[in-house]
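Shown next: model-v2.csv, given as CSV, C-alpha atoms.
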```
chain,number,residue,atom,x,y,z
A,995,MET,CA,-56.0,-3.1,40.0
A,996,THR,CA,-53.1,-1.9,37.9
A,997,GLU,CA,-53.9,-0.5,34.5
A,998,PRO,CA,-52.0,-2.4,31.8
A,999,THR,CA,-49.3,-0.3,30.3
A,1000,PRO,CA,-49.9,0.4,26.7
A,1001,SER,CA,-47.3,-1.2,24.6
A,1002,PRO,CA,-45.2,1.1,22.4
A,1003,THR,CA,-45.8,1.0,18.8
A,1004,PRO,CA,-42.3,0.7,17.3
A,1005,ASP,CA,-43.5,-0.3,13.9
A,1006,ALA,CA,-44.9,3.2,13.3
A,1007,ALA,CA,-41.5,4.8,14.1
A,1008,GLU,CA,-39.2,2.3,12.6
A,1009,PRO,CA,-38.2,2.8,9.0
A,1010,THR,CA,-39.3,0.1,6.7
A,1011,THR,CA,-37.1,-2.1,4.6
A,1012,THR,CA,-38.1,0.0,1.6
A,1013,ASP,CA,-37.0,3.2,3.3
A,1014,ASN,CA,-33.7,1.6,4.2
A,1015,ALA,CA,-33.1,0.5,0.6
A,1016,ARG,CA,-33.4,4.1,-0.5
A,1017,VAL,CA,-30.7,5.3,1.9
A,1018,ASP,CA,-27.3,5.9,0.4
A,1019,PRO,CA,-25.2,3.2,2.1
A,1020,ASP,CA,-22.3,5.6,2.5
A,1021,ALA,CA,-24.3,8.5,3.9
A,1022,GLY,CA,-23.2,9.7,7.3
A,1023,ARG,CA,-20.4,7.1,7.5
A,1024,GLY,CA,-16.9,7.7,8.8
A,1025,VAL,CA,-15.4,10.2,11.0
A,1026,ARG,CA,-15.0,13.4,9.2
A,1027,LEU,CA,-13.1,16.6,9.9
A,1028,TRP,CA,-15.1,19.3,8.0
A,1029,PHE,CA,-15.6,17.3,4.8
A,1030,LEU,CA,-12.3,15.4,4.9
A,1031,TYR,CA,-11.8,11.9,6.0
A,1032,PRO,CA,-8.8,11.4,8.3
A,1033,PHE,CA,-6.8,9.7,5.6
A,1034,GLU,CA,-7.2,12.8,3.4
A,1035,LEU,CA,-6.1,15.0,6.2
A,1036,TYR,CA,-3.0,12.9,6.8
A,1037,THR,CA,-2.3,13.0,3.1
A,1038,LEU,CA,-2.6,16.8,2.9
A,1039,VAL,CA,-0.4,17.3,6.0
A,1040,LEU,CA,2.3,14.9,5.0
A,1041,VAL,CA,2.3,15.9,1.3
A,1042,GLY,CA,1.8,19.5,2.0
A,1043,GLY,CA,4.6,19.4,4.6
A,1044,THR,CA,6.9,17.7,2.1
A,1045,VAL,CA,6.2,20.2,-0.7
A,1046,LEU,CA,6.7,23.2,1.6
A,1047,PHE,CA,10.0,21.7,2.9
A,1048,LEU,CA,11.2,21.1,-0.6
A,1049,ARG,CA,10.3,24.6,-1.8
A,1050,TRP,CA,11.9,26.2,1.3
B,941,MET,CA,-0.9,9.1,-13.3
B,942,VAL,CA,-4.4,10.3,-14.4
B,943,PRO,CA,-4.3,8.3,-17.6
B,944,MET,CA,-3.8,5.2,-15.4
B,945,LEU,CA,-7.0,5.7,-13.4
B,946,PRO,CA,-9.4,3.8,-15.8
B,947,GLY,CA,-7.0,0.9,-15.6
B,948,ALA,CA,-7.0,1.1,-11.8
B,949,LEU,CA,-10.8,1.1,-11.7
B,950,LEU,CA,-11.4,-1.6,-14.3
B,951,GLY,CA,-8.5,-3.7,-13.0
B,952,GLY,CA,-9.6,-3.4,-9.4
B,953,VAL,CA,-13.2,-4.3,-10.0
B,954,ALA,CA,-12.1,-7.2,-12.3
B,955,LEU,CA,-9.7,-8.5,-9.6
B,956,GLN,CA,-12.4,-8.2,-6.9
B,957,THR,CA,-14.8,-10.1,-9.2
B,958,LEU,CA,-12.2,-12.8,-9.9
B,959,TYR,CA,-11.5,-13.1,-6.1
B,960,ARG,CA,-15.1,-13.6,-5.4
B,961,LEU,CA,-15.5,-16.3,-8.0
B,962,VAL,CA,-12.3,-18.2,-7.3
B,963,ALA,CA,-11.5,-17.7,-3.6
B,964,ARG,CA,-15.0,-17.4,-2.2
B,965,ARG,CA,-17.0,-19.3,-4.9
B,966,SER,CA,-20.0,-17.2,-4.2
B,967,LEU,CA,-22.2,-15.7,-6.9
B,968,GLY,CA,-24.3,-14.0,-4.3
B,969,SER,CA,-21.2,-12.3,-2.9
B,970,LEU,CA,-20.3,-11.1,-6.4
B,971,LEU,CA,-23.7,-9.7,-7.1
B,972,ASP,CA,-23.8,-7.9,-3.7
B,973,TYR,CA,-20.4,-6.5,-4.6
B,974,LEU,CA,-21.3,-5.3,-8.0
B,975,ARG,CA,-24.5,-3.6,-6.6
B,976,ARG,CA,-22.2,-1.9,-4.1
B,977,VAL,CA,-19.8,-0.7,-6.8
B,978,ALA,CA,-22.7,0.9,-8.7
B,979,THR,CA,-23.4,3.5,-6.0
B,980,TRP,CA,-22.2,7.1,-5.9
B,981,GLY,CA,-20.8,6.7,-2.4
B,982,TRP,CA,-18.4,3.9,-3.6
B,983,ILE,CA,-17.4,5.8,-6.7
B,984,VAL,CA,-16.7,9.1,-4.9
B,985,LEU,CA,-14.6,7.4,-2.2
B,986,TRP,CA,-12.7,5.6,-4.9
B,987,LEU,CA,-11.9,8.9,-6.6
B,988,ARG,CA,-10.9,10.5,-3.3
B,989,MET,CA,-8.6,7.6,-2.5
B,990,TRP,CA,-6.8,7.8,-5.9
B,991,PHE,CA,-6.4,11.5,-5.6
B,992,ALA,CA,-4.6,10.9,-2.3
B,993,ALA,CA,-2.5,8.2,-4.0
B,994,MET,CA,-1.5,10.7,-6.7
B,995,LEU,CA,-0.5,13.3,-4.2
B,996,MET,CA,1.5,10.7,-2.2
B,997,THR,CA,3.3,9.5,-5.4
B,998,TYR,CA,4.2,13.1,-6.4
B,999,SER,CA,5.6,13.9,-2.9
B,1000,TYR,CA,7.4,10.5,-2.8
B,1001,PHE,CA,9.3,10.9,-6.0
B,1002,TRP,CA,10.3,14.6,-5.5
B,1003,LEU,CA,11.6,14.1,-1.9
B,1004,LYS,CA,13.4,10.9,-3.0
B,1005,VAL,CA,15.1,12.4,-6.0
B,1006,SER,CA,16.0,15.6,-4.0
B,1007,VAL,CA,17.8,13.7,-1.2
B,1008,PRO,CA,21.3,14.2,-2.7
B,1009,LEU,CA,20.8,17.9,-2.7
B,1010,LEU,CA,19.4,18.0,0.8
B,1011,ASN,CA,21.6,15.7,2.8
B,1012,GLU,CA,25.0,14.9,1.5
B,1013,HIS,CA,26.0,12.3,4.1
B,1014,LEU,CA,25.8,8.7,3.1
B,1015,TRP,CA,25.2,5.9,5.6
B,1016,ASP,CA,26.2,3.0,3.3
B,1017,PRO,CA,29.3,2.0,5.3
B,1018,GLN,CA,27.3,1.8,8.5
B,1019,LEU,CA,24.5,-0.2,6.9
B,1020,TRP,CA,27.0,-2.6,5.5
B,1021,THR,CA,28.6,-3.1,8.9
B,1022,LEU,CA,25.3,-3.4,10.6
B,1023,ASP,CA,24.2,-6.0,8.1
B,1024,ARG,CA,27.3,-8.1,9.0
B,1025,LEU,CA,26.8,-7.5,12.8
B,1026,LEU,CA,23.2,-8.7,12.6
B,1027,HIS,CA,24.2,-11.9,10.6
B,1028,ALA,CA,27.0,-13.2,12.7
B,1029,GLY,CA,29.7,-11.5,10.7
B,1030,LEU,CA,28.4,-12.8,7.3
B,1031,SER,CA,27.2,-10.3,4.8
B,1032,PRO,CA,23.7,-11.3,3.5
B,1033,SER,CA,24.6,-9.6,0.2
B,1034,ILE,CA,27.6,-11.8,-0.3
B,1035,PHE,CA,25.8,-14.9,0.9
B,1036,VAL,CA,22.9,-14.5,-1.4
B,1037,THR,CA,24.9,-13.6,-4.5
B,1038,GLN,CA,27.2,-16.6,-4.0
B,1039,LEU,CA,24.3,-18.9,-3.2
B,1040,PHE,CA,22.4,-18.2,-6.4
B,1041,LYS,CA,25.0,-17.2,-8.9
B,1042,GLY,CA,24.7,-19.1,-12.2
B,1043,SER,CA,21.3,-20.6,-11.2
B,1044,PHE,CA,17.9,-20.2,-12.9
B,1045,PHE,CA,16.8,-18.2,-9.8
B,1046,VAL,CA,18.9,-15.1,-10.8
B,1047,PRO,CA,17.0,-14.3,-14.1
B,1048,LEU,CA,13.8,-15.3,-12.4
B,1049,ILE,CA,14.3,-12.8,-9.5
B,1050,ASP,CA,15.4,-10.2,-12.0
B,1051,ARG,CA,12.1,-10.6,-13.8
B,1052,TRP,CA,10.1,-10.7,-10.6
B,1053,TYR,CA,11.7,-7.6,-9.2
B,1054,GLY,CA,11.0,-5.8,-12.5
B,1055,THR,CA,7.3,-6.4,-12.1
B,1056,TRP,CA,7.2,-4.7,-8.7
B,1057,VAL,CA,5.5,-1.5,-9.8
B,1058,THR,CA,2.9,-3.6,-11.6
B,1059,THR,CA,2.2,-5.7,-8.6
B,1060,ILE,CA,1.9,-2.6,-6.4
B,1061,PHE,CA,-0.4,-0.8,-8.8
B,1062,TYR,CA,-2.8,-3.7,-9.3
B,1063,THR,CA,-2.9,-4.6,-5.6
B,1064,MET,CA,-3.7,-1.0,-4.7
B,1065,ALA,CA,-6.4,-1.2,-7.4
B,1066,PHE,CA,-7.7,-4.5,-5.9
B,1067,PHE,CA,-7.9,-3.3,-2.3
B,1068,SER,CA,-9.2,0.2,-3.2
B,1069,ALA,CA,-12.0,-1.5,-5.1
B,1070,ALA,CA,-13.2,-3.3,-2.0
B,1071,PRO,CA,-16.8,-2.7,-0.9
B,1072,GLU,CA,-16.3,-1.5,2.7
B,1073,PRO,CA,-15.6,2.2,3.1
B,1074,LEU,CA,-13.8,1.9,6.4
B,1075,PHE,CA,-11.4,-0.7,5.1
B,1076,ARG,CA,-10.7,1.3,2.0
B,1077,ARG,CA,-9.9,4.4,3.9
B,1078,ARG,CA,-7.7,2.6,6.3
B,1079,PHE,CA,-5.9,0.9,3.4
B,1080,MET,CA,-5.2,4.2,1.7
B,1081,ALA,CA,-4.1,5.8,4.9
B,1082,SER,CA,-1.5,3.0,5.4
B,1083,CYS,CA,-0.2,3.5,1.9
B,1084,VAL,CA,0.1,7.3,2.4
B,1085,PHE,CA,1.9,6.7,5.7
B,1086,LEU,CA,4.3,4.1,4.2
B,1087,TRP,CA,5.4,6.1,1.1
B,1088,THR,CA,5.6,9.5,2.7
B,1089,LEU,CA,7.2,8.5,6.0
B,1090,GLY,CA,9.5,6.1,4.0
B,1091,SER,CA,10.7,9.0,1.8
B,1092,TRP,CA,11.4,11.1,4.9
B,1093,ILE,CA,13.6,8.2,6.2
B,1094,TYR,CA,15.4,8.3,2.8
B,1095,PHE,CA,16.1,11.9,3.7
B,1096,ALA,CA,17.2,11.2,7.3
B,1097,LEU,CA,19.4,8.2,6.4
B,1098,PRO,CA,20.6,8.6,2.8
B,1099,ALA,CA,22.1,5.5,1.4
B,1100,LEU,CA,22.8,4.4,-2.2
B,1101,GLY,CA,22.6,0.6,-1.8
B,1102,PRO,CA,25.4,-2.0,-1.9
B,1103,VAL,CA,25.5,-2.4,-5.6
B,1104,TYR,CA,26.8,1.1,-5.9
B,1105,THR,CA,29.2,1.1,-2.9
B,1106,VAL,CA,30.5,-2.5,-3.1
B,1107,PRO,CA,30.1,-3.3,-6.8
B,1108,ASP,CA,32.6,-6.2,-6.8
B,1109,VAL,CA,30.2,-8.4,-5.0
B,1110,TRP,CA,28.0,-8.4,-8.1
B,1111,ALA,CA,30.8,-9.0,-10.6
B,1112,ASP,CA,29.8,-12.7,-10.9
B,1113,LEU,CA,26.2,-11.8,-11.7
B,1114,ARG,CA,27.0,-9.3,-14.4
B,1115,GLY,CA,24.9,-9.9,-17.4
B,1116,GLN,CA,22.5,-12.3,-15.6
B,1117,MET,CA,20.1,-9.6,-14.4
B,1118,PRO,CA,19.6,-7.3,-17.4
B,1119,ARG,CA,16.6,-5.5,-16.0
B,1120,ALA,CA,18.1,-4.6,-12.7
B,1121,GLN,CA,21.4,-3.7,-14.2
B,1122,SER,CA,20.0,-1.3,-16.8
B,1123,ALA,CA,17.8,0.3,-14.1
B,1124,GLN,CA,20.8,0.7,-11.9
B,1125,LEU,CA,22.7,2.4,-14.7
B,1126,ALA,CA,19.9,4.8,-15.4
B,1127,LEU,CA,19.5,5.7,-11.7
B,1128,TRP,CA,23.3,6.2,-11.4
B,1129,GLU,CA,23.3,8.6,-14.4
B,1130,ASN,CA,20.4,10.5,-12.9
B,1131,TYR,CA,22.2,10.6,-9.5
B,1132,GLN,CA,25.3,12.0,-11.1
B,1133,LYS,CA,23.2,14.9,-12.6
B,1134,LEU,CA,21.9,15.7,-9.1
B,1135,ILE,CA,25.4,15.5,-7.6
B,1136,ALA,CA,26.5,18.0,-10.2
B,1137,GLY,CA,23.6,20.1,-9.1
B,1138,ARG,CA,25.2,20.6,-5.7
B,1139,THR,CA,27.4,23.3,-7.3
B,1140,GLY,CA,24.4,25.1,-8.5
B,1141,ILE,CA,24.2,23.8,-12.1
B,1142,LEU,CA,21.3,21.3,-12.1
B,1143,LYS,CA,20.9,19.8,-15.5
B,1144,ARG,CA,17.8,18.0,-16.7
B,1145,PHE,CA,17.0,15.0,-14.6
B,1146,ASN,CA,14.2,12.5,-14.2
B,1147,PRO,CA,12.3,12.9,-10.9
B,1148,THR,CA,11.2,9.3,-10.9
B,1149,LEU,CA,14.8,8.0,-10.9
B,1150,GLY,CA,15.8,8.7,-7.4
B,1151,VAL,CA,18.3,6.4,-5.5
B,1152,ALA,CA,17.6,5.5,-1.9
B,1153,ALA,CA,18.1,2.2,0.0
B,1154,MET,CA,17.0,2.7,3.6
B,1155,PRO,CA,14.2,1.5,4.1
B,1156,SER,CA,13.2,-0.9,1.4
B,1157,LEU,CA,9.7,0.2,0.4
B,1158,HIS,CA,9.7,-2.6,-2.2
B,1159,VAL,CA,9.8,-5.1,0.7
B,1160,GLY,CA,7.6,-2.9,2.9
B,1161,GLY,CA,5.0,-2.4,0.2
B,1162,HIS,CA,4.5,-6.2,-0.3
B,1163,TRP,CA,4.4,-6.8,3.5
B,1164,LEU,CA,1.9,-4.0,4.0
B,1165,PHE,CA,-0.4,-5.8,1.5
B,1166,ALA,CA,0.2,-9.1,3.3
B,1167,LEU,CA,-1.0,-7.5,6.5
B,1168,TRP,CA,-4.1,-6.2,4.9
B,1169,ALA,CA,-4.7,-9.5,3.2
B,1170,HIS,CA,-4.4,-11.3,6.5
B,1171,ARG,CA,-7.0,-9.0,7.9
B,1172,ARG,CA,-9.5,-8.9,5.1
B,1173,ALA,CA,-8.7,-11.4,2.3
B,1174,ARG,CA,-7.1,-14.3,4.2
B,1175,PRO,CA,-6.7,-16.6,1.1
B,1176,LEU,CA,-4.3,-14.0,-0.4
B,1177,PHE,CA,-2.1,-13.7,2.7
B,1178,VAL,CA,0.1,-16.6,1.5
B,1179,VAL,CA,0.4,-15.0,-1.9
B,1180,PHE,CA,1.7,-11.7,-0.4
B,1181,LEU,CA,3.9,-13.5,2.1
B,1182,VAL,CA,5.6,-15.3,-0.8
B,1183,ALA,CA,5.8,-12.0,-2.7
B,1184,THR,CA,7.5,-10.3,0.3
B,1185,LEU,CA,10.0,-13.1,0.6
B,1186,LEU,CA,10.8,-13.0,-3.1
B,1187,THR,CA,11.1,-9.3,-3.1
B,1188,PHE,CA,13.4,-9.4,0.0
B,1189,THR,CA,15.6,-12.0,-1.6
B,1190,GLY,CA,15.5,-9.9,-4.8
B,1191,SER,CA,16.5,-6.8,-3.0
B,1192,LEU,CA,19.7,-8.5,-1.9
B,1193,LEU,CA,20.4,-10.4,-5.1
B,1194,THR,CA,20.1,-7.4,-7.3
B,1195,GLY,CA,22.1,-5.3,-4.8
B,1196,TRP,CA,19.5,-2.6,-4.5
B,1197,HIS,CA,19.3,-3.0,-0.7
B,1198,TYR,CA,21.1,-4.2,2.4
B,1199,ALA,CA,19.2,-6.8,4.5
B,1200,VAL,CA,18.5,-4.2,7.2
B,1201,ASP,CA,16.7,-2.1,4.6
B,1202,GLY,CA,14.3,-4.9,4.2
B,1203,TYR,CA,13.8,-5.4,7.9
B,1204,ALA,CA,13.2,-1.6,8.3
B,1205,GLY,CA,10.7,-1.7,5.5
B,1206,ILE,CA,8.8,-4.6,7.1
B,1207,LEU,CA,8.8,-2.8,10.5
B,1208,LEU,CA,7.7,0.5,8.9
B,1209,ALA,CA,4.9,-1.3,7.0
B,1210,TRP,CA,3.6,-2.8,10.3
B,1211,LEU,CA,3.7,0.6,12.0
B,1212,CYS,CA,1.9,2.2,9.1
B,1213,TYR,CA,-0.7,-0.6,9.2
B,1214,ARG,CA,-1.3,-0.1,12.9
B,1215,LEU,CA,-1.3,3.7,12.6
B,1216,ALA,CA,-3.9,3.5,9.8
B,1217,ILE,CA,-6.2,1.4,12.0
B,1218,LEU,CA,-5.8,3.8,14.9
B,1219,GLY,CA,-5.9,7.0,12.9
B,1220,GLU,CA,-8.9,6.2,10.7
B,1221,PRO,CA,-11.5,5.3,13.3
B,1222,ALA,CA,-14.9,3.8,12.5
B,1223,GLY,CA,-17.7,6.2,12.2
B,1224,ARG,CA,-21.4,6.0,12.9
B,1225,GLY,CA,-22.8,2.8,11.3
B,1226,GLU,CA,-19.3,1.3,10.8
B,1227,HIS,CA,-17.8,-1.7,12.5
B,1228,GLN,CA,-14.2,-1.8,13.6
B,1229,GLY,CA,-13.9,-4.9,11.5
B,1230,GLU,CA,-14.7,-2.8,8.5
B,1231,GLY,CA,-18.0,-4.4,7.9
B,1232,SER,CA,-21.1,-2.2,7.5
B,1233,SER,CA,-24.2,-2.1,9.5
B,1234,ALA,CA,-26.0,0.1,7.1
B,1235,ARG,CA,-26.4,-2.5,4.4
B,1236,GLY,CA,-24.5,-5.6,5.0
B,1237,PRO,CA,-22.8,-5.5,1.6
B,1238,GLU,CA,-20.9,-8.8,1.7
B,1239,GLN,CA,-23.1,-11.3,3.3
B,1240,ASP,CA,-22.6,-14.8,1.9
B,1241,LYS,CA,-25.3,-15.9,4.3
B,1242,PRO,CA,-28.0,-13.4,5.4
B,1243,ALA,CA,-28.0,-12.6,9.1
B,1244,ALA,CA,-30.7,-14.4,11.1
B,1245,GLY,CA,-34.1,-12.9,10.4
B,1246,LYS,CA,-32.7,-10.5,7.8
B,1247,THR,CA,-33.1,-11.5,4.3
B,1248,ASP,CA,-33.2,-8.3,2.3
B,1249,GLY,CA,-29.5,-7.3,2.7
B,1250,THR,CA,-30.4,-3.9,4.0
B,1251,ALA,CA,-29.9,-4.5,7.7
B,1252,GLY,CA,-27.9,-6.6,10.1
B,1253,ALA,CA,-24.4,-6.1,11.2
B,1254,THR,CA,-22.0,-8.4,9.4
B,1255,ALA,CA,-18.5,-9.6,10.0
B,1256,VAL,CA,-17.3,-9.9,6.5
B,1257,GLU,CA,-14.3,-12.0,5.6
B,1258,ALA,CA,-13.1,-10.4,2.4
B,1259,PRO,CA,-12.7,-7.0,0.9
```
Output the file's structure in the form of structure tokens.
Amino acid sequence: MTEPTPSPTPDAAEPTTTDNARVDPDAGRGVRLWFLYPFELYTLVLVGGTVLFLRW
Amino acid sequence: MVPMLPGALLGGVALQTLYRLVARRSLGSLLDYLRRVATWGWIVLWLRMWFAAMLMTYSYFWLKVSVPLLNEHLWDPQLWTLDRLLHAGLSPSIFVTQLFKGSFFVPLIDRWYGTWVTTIFYTMAFFSAAPEPLFRRRFMASCVFLWTLGSWIYFALPALGPVYTVPDVWADLRGQMPRAQSAQLALWENYQKLIAGRTGILKRFNPTLGVAAMPSLHVGGHWLFALWAHRRARPLFVVFLVATLLTFTGSLLTGWHYAVDGYAGILLAWLCYRLAILGEPAGRGEHQGEGSSARGPEQDKPAAGKTDGTAGATAVEAP
């Protein structure tokens, strides 16, 4: 006779709604390079390149 | 530009509020939005976006105004010829000026074209005040691409615009477009100062008064907004489509641009839009459609089984 497999207890590990509500909705979002978002990197490269070109 | 930031913030949030009340008719959506705006994550991203916008504006103006010093060749004759070739031998500039001369449309277009900066500023304010971080980052990436790459095309293909090279075409409209004509005079005077600077004597000039025709970023800017509206705020697509058509017609009627400048602006805007979507990928917890799985900020209807607004992936329809 096979022993019944104990069911996992997901409730204990899952964060509660209250826990979720405390999380900053923007935390951990987006692809980042160091602390920059890609759009900021593009801005720095394009603007930086333009300024260097004009000064040169 | 820093003094304009409070206006961008208040204007953007006010326009988003209005959009939710009028286009979506959803108080729940509005309350979700306002809760979202009142988070540090939203505010910090907003500041980062506008910092990027300021850098972009700075670079745009300085490269544009410097073109006469960097590249002396002018492509106006070729653009004029290309315009005729593309339109079966007919110049769109001549066609539009003859079609509308003496009509109420001329002062109307003059007024519309004069409001372009305002429409760009408040539309950027509107989209940058959207709730979804991925959408906002992509939107700003597309703006940075459009105005920096566009100014590099100014440098690669310098052109003044038909009103300066074929002024006789606009002789019949003289006095009917006071805004455009006074701006054209101011830009021409500034251009002359830069031309004089080629000999080494550069007098005082205004860096915001550069002259460049190819591509038309007036047309490109409105079309870029139309593309984002089509993706995220569908009811506004028609508004920006009409704006693009009016701006394109205005670019011809005022003589600022050749028709090919407008086509190039539209193509560049589309490329920048695609580039922004590819180049600003979704991160963990973000959906390609720019909704959010972390909170579900813009649910008009809660996802099945989720009523607290804190979970459940959503495919939102508006920024």
To one decimal in Å, tell me the separation between atom CA of Val962 of chain B and atom CA of Pro1175 of chain B.
-> 10.2 Å
Residues at most 10 Å from segment 1024-1037 of chain A, counting all atoms listed in the file, excluding those fewer than 6 positions away in the same chain, as a tab-separated table (two decimals) with C-alpha atoms, in the frame of the given file?
```tsv
chain	number	residue	atom	x	y	z
A	1043	GLY	CA	4.60	19.40	4.60
B	985	LEU	CA	-14.60	7.40	-2.20
B	988	ARG	CA	-10.90	10.50	-3.30
B	989	MET	CA	-8.60	7.60	-2.50
B	991	PHE	CA	-6.40	11.50	-5.60
B	992	ALA	CA	-4.60	10.90	-2.30
B	993	ALA	CA	-2.50	8.20	-4.00
B	995	LEU	CA	-0.50	13.30	-4.20
B	996	MET	CA	1.50	10.70	-2.20
B	999	SER	CA	5.60	13.90	-2.90
B	1073	PRO	CA	-15.60	2.20	3.10
B	1074	LEU	CA	-13.80	1.90	6.40
B	1076	ARG	CA	-10.70	1.30	2.00
B	1077	ARG	CA	-9.90	4.40	3.90
B	1078	ARG	CA	-7.70	2.60	6.30
B	1079	PHE	CA	-5.90	0.90	3.40
B	1080	MET	CA	-5.20	4.20	1.70
B	1081	ALA	CA	-4.10	5.80	4.90
B	1082	SER	CA	-1.50	3.00	5.40
B	1083	CYS	CA	-0.20	3.50	1.90
B	1084	VAL	CA	0.10	7.30	2.40
B	1085	PHE	CA	1.90	6.70	5.70
B	1088	THR	CA	5.60	9.50	2.70
B	1216	ALA	CA	-3.90	3.50	9.80
B	1219	GLY	CA	-5.90	7.00	12.90
B	1220	GLU	CA	-8.90	6.20	10.70
B	1221	PRO	CA	-11.50	5.30	13.30
B	1222	ALA	CA	-14.90	3.80	12.50
B	1223	GLY	CA	-17.70	6.20	12.20
B	1224	ARG	CA	-21.40	6.00	12.90
B	1225	GLY	CA	-22.80	2.80	11.30
B	1226	GLU	CA	-19.30	1.30	10.80
```
Between atom CA of Arg1024 of chain B and atom CA of Trp1110 of chain B, measure the distance and give it in Å to one decimal.
->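 Rounded to one decimal, the two atoms are 17.1 Å apart.
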Between atom CA of Tyr1104 of chain B and atom CA of Gly1195 of chain B, what is the distance, to one decimal in Å?
->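 Atom-to-atom, atom CA of Tyr1104 of chain B to atom CA of Gly1195 of chain B, that is 8.0 Å.
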Between B:Leu1127, B:Leu1039, B:Leu1211, B:Ile1135, which is the closest to Trp1163 of chain B once you count only C-alpha atoms?
-> B:Leu1211
For chain A, which residue among B:Ile1206, B:Val984, B:Leu1022, B:Ala1153 is the nearest when counting all atoms listed in the file?
->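 When distances to chain A are compared using all atoms listed in the file, the smallest one comes from B:Val984.
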Closest to chain A among B:Leu1100, B:Val1151, B:Val1178, B:Val1005, using all atoms listed in the file?
->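 Answer, going by the shortest atom-to-atom distance: B:Val1005.
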If you count only C-alpha atoms, which residues fall within 9 Å of Ala1096 of chain B, apart from same-chain ones fewer than 3 positions away, as a list in words?
->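 Neighbouring residues, sequence-local ones excluded: Val1007, Asn1011, Ser1091, Trp1092 and Ile1093 of chain B.
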With distances taken over all atoms listed in the file, which of B:Phe1095, B:Trp1056, B:Phe1040, B:Trp1020 is nearest to chain A?
-> B:Phe1095
List the neighbours of segment 1182-1185 of chain B out to 7 Å using only C-alpha atoms; skip same-chain residues closer than 2 positions along the sequence, and give me the result as a list of chain:residue names.
->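 Neighbouring residues, sequence-local ones excluded: B:Val1159, B:His1162, B:Trp1163, B:Val1178, B:Val1179, B:Phe1180, B:Thr1187, B:Phe1188, B:Thr1189.
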Pick the closest to Arg976 of chain B from B:Glu1072, B:Asp1108, B:Asp1201, B:Glu1129: which is it, counting all atoms listed in the file?
->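 Comparing B:Glu1072, B:Asp1108, B:Asp1201, B:Glu1129 against Arg976 of chain B, the winner is B:Glu1072.
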Using all atoms listed in the file, which of the listed residues (B:Ala1199, B:Ile983, B:Leu1208, B:Leu1014) sits closest to chain A?
->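 Selected residue with least distance to chain A: B:Ile983.
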Exercise: Pro1102 of chain B partners within 9 Å, all atoms listed in the file, chain neighbours under 3 positions left out, as a list in words =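 Once the nearby chain positions are removed, what remains is Asp1016, Trp1020, Ser1033, Ala1099, Thr1105, Val1106, Pro1107, Val1109, Ala1153, Leu1192, Gly1195, Trp1196, His1197 and Tyr1198 of chain B.
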